[in-house]
Amino acid sequence: MILNQLLRKYLSVSRLQSVLILLGILAAAFAIGGVVVAALGASPMEALSELFNGAFGNKHAIANTLVKACPLLFVALGICVSFRAGVFNIGGEGQLVTGALAAAAVAFAIPGWPTWLVLVLSLAAGTMAGAIWAGIAGWLKVRFNVSEILSTIMLNYIATLGMVYLLSGPMNDPAHALSGRFMPETARLAIELPRLAPTRLHLGVAIAVVLAVLVYVFLWRTTIGYRIRVVGKSLRASEAAGINPRRYMILAMVLSGALIGFGGAIELIGVQHRLITEGSAVYFTGSAGFNGIVVALFGQLHPLGAIPASLLFGALLTGGARIQRALQVPSALIGAITGLIALLVVGTDYVRRRRARQRADTELLRTPPPNCVSQGEGEER
Amino acid sequence: MTAASIHIRSFLQEGTRFIAGALHFLKGTGMKSEPVLSTLEMKGIVKRFPGVLANDGVDFDVRAGEIHALLGENGAGKSTLMKVLYGMYSPDEGQILINGKPVTLRSPLDAISHGIGMIHQHFMLVPTLTVAENVALGLSSSRRIVLDLDRVTEKVHELSEAYRLRVDPSEEVWRLSVGEQQRVEILKALYRGADLLILDEPTAVLTPQDVDELFNTLRTMSEEGHSLVFISHKLPEVLRLSARATVLRDGRVAGSVMTNAVSQADLACMMVGREVLLRIDHPDVERGDVRLMLDGVHADGDRGFPSLCGIDLEVHAGEILGIAGVSGNGQRELAEVIAGTRSISAGTVTLNGEDMTQWSTHRRLEAGIAHIPEERMVDGAVQEFSVEENLILKNHGHAPYSRGIFMNFKAIAAMADRLIQRYDIKTPSRQTQIGSLSGGNMQKLILAREISRNPDVLIAAQPTRGLDIGATEFVHQQIVAQRADGTAILLISEDLDEVLSLSDRIAVMYEGSVVGVVDRKSATANEVGRMMAGGGCEAAGARSLAPVSEPSAG
Ligand SMILES: Nc1ncnc2c1ncn2[C@@H]1O[C@H](COP(=O)(O)OP(=O)(O)OP(=O)(O)O)[C@@H](O)[C@H]1O
Ligand SMILES: [Mg+2]
């Protein structure tokens with residue numbers, strides 16, 4: 001009975017339809033992947049079963065999947081907040097990196113302090129750093145009308161270069177100076193997140209899920225979240241309602257960066273324990289800053305939708321590594337599938353929206369409503 | 001603007017022109033000289049939407065050369081029926097017969113090829129292209145890849161002569177007035193060979209002069225054998241123009257009558273199912289202190305040109321000040337300057353004696369200013385939000401709708417249900433997206449929100465545009481009730497009857513200035529009409545608050 005009611009409440013026709021579309025997309029992406037696998041001379045069915053085993057085969061596989069999903073979920077949550085405000089934060093990579101750098105810096109700066117305190121301070125520092133990094137892009141957008149898409153990408157470069165510099169110089173592992181060996185990396189952190197099970201599964205995963213619920217509550221149950229969504233849907237309506245779009249765009253960016261920076265700090269303290277670079281951010285982020293955007297879109301920009309979506313992409317990542325080992329199929333294939341899914345999600349969404357717009361009653365609407373993709377013009381007045 | 005951006009703009013424009021040419025080539029179909037469509041019948045049309053039965057077995061027919069009015073309350077299913085006819089919706093049941101033969105219309109393109117054209121209230125024109133280019137953007141007869149604009153221009157010229165559609169084919173669309181844009185839409189439909197033209201509330205946004213011109217055109221078209229269906233809520237013009245009227249009520253046909261045999265009251269009764277008061281009670285109300293005052297207000301319009309040139313106005317508590325004038329003479333800017341969404345370049349705006357010139361929109365809202373904006377669908381609502389989310393757009397920060405930062409959905413739901421009931425907003429539920437409501441019901445929702453805030457100052461711009469007569473009557477009652485409560489009301493309307501019957505005083509705007517203020521008791525439609533055309537004010541008992549910008553009379 002209760003299940004029935006819940007289904008009725010949360011699975012409206014349109015929602016059911018979008019779930020079906022997403023499953024269709026997934027099937028299509030897998031089918032194309034299967035064709036490629038076959039072309040490479042391996043068996044698609046075998047690849048599929050390896051993929052599944054790699055991701056969920058035993059408790060370590062499951063833990064790995066969850067651990068890989070964790071940064072994706074943090075980024076996706078940040079993306080939900082900013083995209084809902086109509087601000088396109090493409091700077092997840094940079095915000096992950098600055099978050100981790102700040103967390104590491106604090107952890108190294110106060111070595112003798114109680115562990116729990118170092119842990120808390122270092123996570124707080126990571127959160128702040130991410131918030132500031134994204135906040136810069138938000139400020140540039142509302143103050144100088146600089147496209148946030150460009151500025152966040154630029155900030156990604158700056159963050160990466162900053163990391164390379166810091167890891168080669170000021171934050172370089174002091175042990176290297178003694179041994180004369182050079183590697184752009186920090187020393188190993190003294191702190192660690194508690195484990196949830198005798199696997200790699202750390203507390204951060206649980207925190208991420210709790211945060212997803214909180215972000216949902218924030219966006220849909222609070223006045224601030226409501227205003228953020230109004231701003232994202234219509235600048236003119238928000239202005240007329242006395243909601244300052246500039247303020248809420250910056251706020252959304254700051255919150256978005258905070259979530260992602262926090263995720264960067266968690267990833268460092270929970271999984272990697274030291275920062276290493278080979279000249280890019282990928283070694284640390286595993287491109288979670290970009291993949292998180294795909295996850296968020298796949299989750300329909302809904303914080304709760306981001307949970308299963310991140311799990312799916314986490315599974316693809318761990319399973320993909322297994323395919324490479326077992327079948328000698330390059331795991332880059334998984335990257336290609338992820339990209340394909342992104343394209344299909346964005347593409348079908350576009351088509352659906354166009355259809356809806358054509359169908360929607362447009363009476364008494366002389367100028368088209370400003371959509372959230374527009375940047376500039378409208379908001380400066 | 002930088003040189004580079006100008007280049008980019010012109011490049012894009014060229015690109016659009018090229019695409020226009022290509023489309024022209026690809027979709028080339030012959031222009032029809034003789035009518036394809038002479039009679040049309042819709043039989044037993046049923047159209048369902050989630051939670052709504054919009055059309056419930058509707059029979060409708062149009063004869064050749066007939067002007068047929070389609071009437072009904074807001075949400076009765078008029079637009080839906082016409083969209084079915086134009087191939088935008090496919091009916092769940094029922095048949096469409098053209099010249100006696102059943103047809104299936106899968107898309108507007110299908111409908112066009114059967115000689116059916118439709119003009120939506122939202123004009124689908126490309127603002128940066130010229131009139132001729134916009135016409136060519138549809139279907140046409142050229143078979144060459146390069147757009148033969150000269151031929152199109154010539155043809156457009158011919159059509160506009162023949163049907164008295166005054167518009168310059170080489171003008172860019174963004175420069176045109178609303179009335180002219182509508183003429184372009186009609187030209188487009190004629191150019192594509194429409195024998196049956198559907199016009200969905202064509203007069204709602206027109207000035208009285210434009211309405212006269214439109215009607216002349218429509219009469220000429222009907223004499224030439226074109227059939228016309230037009231939707232309207234204004235009964236006098238229905239009786240004036242159409243030969244037959246079909247009335248829908250709750251998705252069913254309430255009747256189809258010859259208009260020479262019925263009165264306005266008969267039609268109203270068929271639509272609403274009860275008698276409607278067509279006159280408004282206007283009791284005397286003690287005029288209070290000055291609530292709102294504008295002193296020498298100057299402001300620029302959207303394109304950066306001055307659009308308010310020294311406005312001086314006062315509105316008292318318990319008073320309705322009507323603003324008459326042809327649309328586009330600064331009325332929208334006037335409203336925005338008071339609501340705070342447009343900044344002013346000189347002058348002051350005062351609320352209850354306090355200078356609020358520098359106040360933010362938010363502060364003005366809190367101080368008791370309510371605004372029913374003219375472009376309500378853009379400025380007053382978020383299309384993708386639900387009915388209840390739109391109803392709390394301005395009050396969501398107040399108890400009981402929120403406590404601290406948390407919204408109280410119980411209180412919001414109760415308020416939404418109350419307003420939906422009180423204002424008779426037809427919606428399947430309070431969680432329905434506002435974008436799927438009928439045109440008039442979207443309007444009602446915004447009116448409900450603003451009036452229920454119990455403001456000190458209410459700016460109502462075209463408050464009854466798109467409303468059926470029952471709803472119009474109700475809104476007029478609400479405005480008069482607000483006045484009795486001591487609200488200062490600025491009523492901006494193009495409907496002269498509305499202004500004359502509701503206002504205590506009437507200010508006439510022309511080219512950004514107030515050319516005169518007349519008292520209700522001494523005002524006549526003629527005099528106000530003359531002032532709207534730019535003439536000054538000379539009648540006895542009238543006083544001019546603002547200097548007359550151009551003292552040439554009439
Ligand atoms: N695209 C849609 N999706 C869902 N419901 C719709 C849609 N279009 C119309 N409706 C519903 O169908 C009913 C009839 O709407 P319609 O637009 O035909 O009314 P109308 O007679 O044109 O009213 P108005 O005078 O207010 O324009 C309304 O209750 C409306 O909510
Ligand atoms: Mg309608």
# chains A, B, ... in the order shown; residues from 1 in each chain; ligands from 1
call {"tool": "residues_around", "arguments": {"residues": "B:Thr217", "least_positions_apart": "3", "cutoff": "6 Å", "atoms": "only C-alpha atoms", "output": "number ranges by chain"}}
result
B: 163-164, 214, 220
call {"tool": "residues_near_ligand", "arguments": {"ligand": "ligand 2", "cutoff": "12 Å", "atoms": "only C-alpha atoms and all ligand atoms", "output": "PyMOL selection string"}}
result
(chain A and resi 360-365) or (chain B and resi 54+70-83+120-122+199-202+204+230-233+248+436-443+465-468)
call {"tool": "closest_residue", "arguments": {"among": "A:Phe30, A:Tyr248, A:Phe218, A:Phe83", "to": "chain B", "atoms": "only C-alpha atoms"}}
result
A:Phe218
call {"tool": "interface_residues", "arguments": {"of": "chain B", "to": "chain A", "cutoff": "6 Å", "atoms": "only C-alpha atoms", "output": "list of chain:residue names"}}
result
B:Gln121, B:His122, B:Thr361, B:His362, B:Met377, B:Val378, B:Asp379, B:Gly380, B:Ala381, B:Lys394, B:Ile405, B:Phe406, B:Met407, B:Gly439
call {"tool": "write_last_selection", "arguments": {"atoms": "C-alpha atoms", "output": "PDB file, in the first residue's frame"}}
result
ATOM      1  CA  GLN B 121      -0.972  35.467 -29.880  1.00  0.00           C
ATOM      2  CA  HIS B 122       2.729  34.883 -29.580  1.00  0.00           C
ATOM      3  CA  THR B 361      12.464  46.045  -5.838  1.00  0.00           C
ATOM      4  CA  HIS B 362      12.414  43.892  -2.726  1.00  0.00           C
ATOM      5  CA  MET B 377       3.980  35.411 -18.597  1.00  0.00           C
ATOM      6  CA  VAL B 378       7.577  36.625 -18.572  1.00  0.00           C
ATOM      7  CA  ASP B 379       7.759  39.103 -15.710  1.00  0.00           C
ATOM      8  CA  GLY B 380       5.147  37.625 -13.445  1.00  0.00           C
ATOM      9  CA  ALA B 381       5.558  33.881 -13.607  1.00  0.00           C
ATOM     10  CA  LYS B 394       6.496  37.271  -3.783  1.00  0.00           C
ATOM     11  CA  ILE B 405      14.548  29.447   5.946  1.00  0.00           C
ATOM     12  CA  PHE B 406      12.195  26.478   5.787  1.00  0.00           C
ATOM     13  CA  MET B 407       9.125  26.643   3.612  1.00  0.00           C
ATOM     14  CA  GLY B 439      -4.082  31.686 -21.374  1.00  0.00           C
TER      15      GLY B 439
END
call {"tool": "residues_around", "arguments": {"residues": "A:Ile260", "least_positions_apart": "2", "cutoff": "7 Å", "atoms": "only C-alpha atoms", "output": "list in words"}}
result
Phe74, Val75, Gly78, Gly92, Gln95, Leu96, Gly130, Ser256, Gly257, Ala258, Phe262, Gly263 and Gly264 of chain A
call {"tool": "write_last_selection", "arguments": {"atoms": "C-alpha atoms", "output": "PDB file, in the first residue's frame"}}
result
ATOM      1  CA  PHE A  74      30.193  15.387  -4.562  1.00  0.00           C
ATOM      2  CA  VAL A  75      30.822  17.025  -7.910  1.00  0.00           C
ATOM      3  CA  GLY A  78      27.759  20.913  -6.664  1.00  0.00           C
ATOM      4  CA  GLY A  92      34.866  20.844 -10.885  1.00  0.00           C
ATOM      5  CA  GLN A  95      37.642  23.036  -7.256  1.00  0.00           C
ATOM      6  CA  LEU A  96      38.570  19.432  -6.383  1.00  0.00           C
ATOM      7  CA  GLY A 130      36.563  25.184  -3.246  1.00  0.00           C
ATOM      8  CA  SER A 256      28.668  24.497  -5.517  1.00  0.00           C
ATOM      9  CA  GLY A 257      32.390  25.062  -5.020  1.00  0.00           C
ATOM     10  CA  ALA A 258      32.093  24.272  -1.308  1.00  0.00           C
ATOM     11  CA  PHE A 262      34.809  19.260   0.346  1.00  0.00           C
ATOM     12  CA  GLY A 263      34.700  16.297  -2.009  1.00  0.00           C
ATOM     13  CA  GLY A 264      38.311  16.969  -3.006  1.00  0.00           C
TER      14      GLY A 264
END
call {"tool": "residues_around", "arguments": {"residues": "B:Arg63", "least_positions_apart": "6", "cutoff": "7 Å", "atoms": "only C-alpha atoms", "output": "list in words"}}
result
Ser38, Thr39, Leu40 and Ser227 of chain B
call {"tool": "write_last_selection", "arguments": {"atoms": "all heavy atoms", "output": "compact mmCIF listing (two decimals), in the first residue's frame"}}
result
# COMPACT_ATOMS: atom_id res chain seq x y z
N SER B 38 -12.92 24.76 -49.11
CA SER B 38 -14.11 25.60 -49.11
C SER B 38 -14.99 25.34 -47.89
O SER B 38 -15.48 26.28 -47.29
CB SER B 38 -14.90 25.43 -50.41
OG SER B 38 -15.20 24.08 -50.61
N THR B 39 -15.14 24.08 -47.49
CA THR B 39 -15.86 23.87 -46.23
C THR B 39 -15.02 23.03 -45.30
O THR B 39 -14.19 22.23 -45.73
CB THR B 39 -17.19 23.12 -46.43
OG1 THR B 39 -16.88 21.82 -46.94
CG2 THR B 39 -18.10 23.85 -47.38
N LEU B 40 -15.25 23.25 -44.04
CA LEU B 40 -14.50 22.50 -43.04
C LEU B 40 -15.44 22.06 -41.94
O LEU B 40 -16.30 22.81 -41.50
CB LEU B 40 -13.41 23.39 -42.45
CG LEU B 40 -12.66 22.67 -41.35
CD1 LEU B 40 -11.22 22.62 -41.65
CD2 LEU B 40 -12.93 23.29 -40.02
N SER B 227 -12.12 31.92 -45.34
CA SER B 227 -12.90 31.69 -44.13
C SER B 227 -12.05 32.10 -42.94
O SER B 227 -10.83 31.93 -42.96
CB SER B 227 -13.24 30.21 -43.99
OG SER B 227 -13.68 29.70 -45.22
